[in-house]
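A short worksheet on the structure shown next.
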Amino acid sequence: MKKSLLISEIFPPTNGGSGRWFWEIYRKLPIDKVHFAVGKAKGDKEFDEKHAIPIARLNLSSSNWGLLSIKGISFYIRKIFQIIKLVKANNIEVVHCGRCLPEGIIALTIKKLLGTNYLCYIHGEDIQSASTSREFSLLVKSVLKNSSKLISNSQNTAGLLKEKWHISEEKISVMYPGVDTNKFYPKEYDQNTRKKLSWDNKLVVLTVGRLQKRKGHDIMLQTILKLKNTQPNILYSIIGSGQEEENLKKLARELNLTQHVQFLGEVSEETMIECFQQCNLFILPNRTVDGDIEGFGIVLLEAQACGKIVIAGNSGGTRETMIHDTTGFIVDCTTPDKIIDLLNKILTDESLNKKMGLAGRKHMIEHFDWKPLAEKARKQF
């Protein structure tokens with residue numbers, strides 16, 4: 001394995017699927033071969049002190065990732081010089097980019113200046129969003145063209161690279177994210193834990209993820225509005241924060257759903273795992289919004305590892321996280337109708353929940369545990 005530097009804005013303790021993916025993979029690689037240049041976050045000092053891993057924290061956030069503004073150009077200049085110092089100081093042989101933008105542009109420039117090769121992770125939604133902007137399309141195209149390898153999080157994302165960006169198959173490597181099945185595991189319902197979460201004896205449908213339009217929280221609120229008539233004890237619990245938070249809270253008030261919707265915000269990993277274990281089922285009601293898709297969906301793996309039936313929208317790469325009709329369901333989540341039918345069918349069916357939950361747990365252990373995935377990654381690098 002070559003000596004590598006991972007650049008990623010999203011990294012623990014920040015919640016986010018890609019950040020967990022990087023952390024679980026890279027911390028299992030030889031410690032003398034990996035360095036990190038990752039985004040700052042609340043609690044990062046405490047997190048970093050717990051691990052004997054070389055982590056440099058940089059401010060990798062910017063309101064403009066383009067090159068047509070002074071703000072965008074100045075951001076890239078500052079970050080490029082900071083990363084160059086790390087590359088030289090640690091004799092880095094290859095840079096690993098968490099995304100095309102902004103990390104890929106930084107690595108591309110360093111390649112031009114120092115000759116250091118780079119590979120880039122592709123998540124699906126990143127290249128789809130970029131395709132809606134001429135400037136971003138040109139930037140992403142340049143990053144893709146000059147990379148030594150592209151690591152795709154799903155076959156669906158790999159298909160987008162080949163069909164829409166005309167990338168050769170030889171340059172693409174599909175590497176699925178995974179789940180720690182020793183940390184995410186089934187647990188009996190516990191009344192004390194449920195009381196602490198304010199769940200008590202309610203039927204809890206859980207969603208975990210950033211509050212973005214493509215995640216479909218708004219469709220789920222409309223679903224709960226109709227579903228509460230047949231399932232008056234239902235509670236929709238939402239973990240995460242994001243740009244749609246205020247809009248969703250406003251919608252919940254307008255629909256008079258304050259007794260049936262819970263916004264937990266950002267929570268600790270311990271609390272998140274408890275939510276996976278104690279919920280009745282998990283849903284990621286994703287859909288495509290202006291080309292923005294769900295590239296994979298690590299939270300679907302984590303829910304299955306905890307023995308829960310999962311439901312996801314028929315957009316992007318979510319189908320690849322489960323065995324449809326065996327461990328979970330893929331459904332049209334552009335309207336509430338199909339979701340309502342499915343939830344009425346499975347919410348109170350204990351035998352189906354147990355059967356599919358066991359199947360999901362088995363599927364995660366056999367195909368998505370981090371240990372074999374990390375070994376595969378080491379061979380890729």
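Every chain in the structure tokens has a letter given in the order shown (A, B, ...), and although residue numbers restart at 1 in each chain, ligands are simply numbered from 1 in the order shown.
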So that each row is one residue of segment 297-320 of chain A with an atom at most 12 Å from segment 341-349 of chain A, can you give its shortest atom pair and the distance in Å to one decimal, using only C-alpha atoms, rows by chain and rising number, as JSON lines?
```
{"residue": "A:Lys308", "atom": "CA", "partner": "A:Leu347", "partner_atom": "CA", "distance": 11.2}
{"residue": "A:Ile309", "atom": "CA", "partner": "A:Ile346", "partner_atom": "CA", "distance": 8.9}
{"residue": "A:Val310", "atom": "CA", "partner": "A:Ile346", "partner_atom": "CA", "distance": 10.7}
{"residue": "A:Ile311", "atom": "CA", "partner": "A:Leu342", "partner_atom": "CA", "distance": 9.0}
{"residue": "A:Ala312", "atom": "CA", "partner": "A:Leu342", "partner_atom": "CA", "distance": 11.4}
```
Find the spatial neighbours of segment 216-219 of chain A, counting only C-alpha atoms, within a cut-off of 12 Å - ignore same-chain residues fewer than 4 positions away - and output them as an MDAnalysis selection string. chainID A and resid 205:212 223:226 236:242 244:252 254:255 261:263 283:289 292:294 312:315 332:340
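Around Leu150 of chain A, within 7 Å and counting only C-alpha atoms, the residues found are Leu119, Cys120, Tyr121, Ile122, Ser147, Lys171, Ile172 and Ser173 of chain A, once anything fewer than 3 positions away on its own chain is removed.
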Best match for closeness to Gln380 of chain A among A:Ser137, A:Thr132, A:Asn353, A:Ser148, counting only C-alpha atoms: A:Ser148
Sel. of strand (DSSP E or B) residues, segment 88-263 of chain A, as a ChimeraX atom specification: /A:94-97,117-122,149-152,172-174,179,203-208,234-239,261-263
I want to know what sits within 10 Å of His96 of chain A, based on only C-alpha atoms, with residues of the same chain fewer than 4 positions away left out; could you give that as a list in words?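 Residues near the query, excluding close chain neighbours: Ser4, Leu5, Leu6, Ile7, Ser8, Val34, His35, Phe36, Ala37, Glu103, Gly104, Ala107, Asn117, Tyr118, Leu119, Cys120, Tyr121, Ser147, Lys149, Leu150, Ile151 and Phe381 of chain A.
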Given the choices A:Glu269, A:Gly360, A:Gln304, A:Glu274, which gets closest to Asn192 of chain A if the distance is worked out from only C-alpha atoms?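 The answer is A:Glu274, which sits nearest to Asn192 of chain A.
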Please run DSSP on the backbone and report, as a PyMOL selection string, all residues within segment 41-260 of chain A that come out as helix (DSSP H, G or I). chain A and resi 44-49+70-89+100-114+125-130+134-146+155-164+169-171+191-196+213-215+217-227+245-254
Applying 9 Å and only C-alpha atoms, which residues near Ile83 of chain A remain after dropping the ones on its own chain fewer than 3 positions away? List them as a compact mmCIF listing (two decimals) with C-alpha atoms, in the first residue's frame.
```
# COMPACT_ATOMS: atom_id res chain seq x y z
CA ILE A 7 -8.85 14.69 2.34
CA ALA A 37 -6.62 16.12 6.40
CA ARG A 78 -5.49 28.51 1.11
CA LYS A 79 -6.37 24.82 1.19
CA ILE A 80 -3.95 23.85 -1.59
CA LEU A 86 1.17 17.90 4.60
CA VAL A 87 2.05 16.05 1.39
CA LYS A 88 5.70 17.16 1.57
CA ILE A 106 -7.39 20.51 -4.40
CA ALA A 107 -5.84 17.14 -5.32
CA ILE A 110 -1.44 19.40 -6.31
```
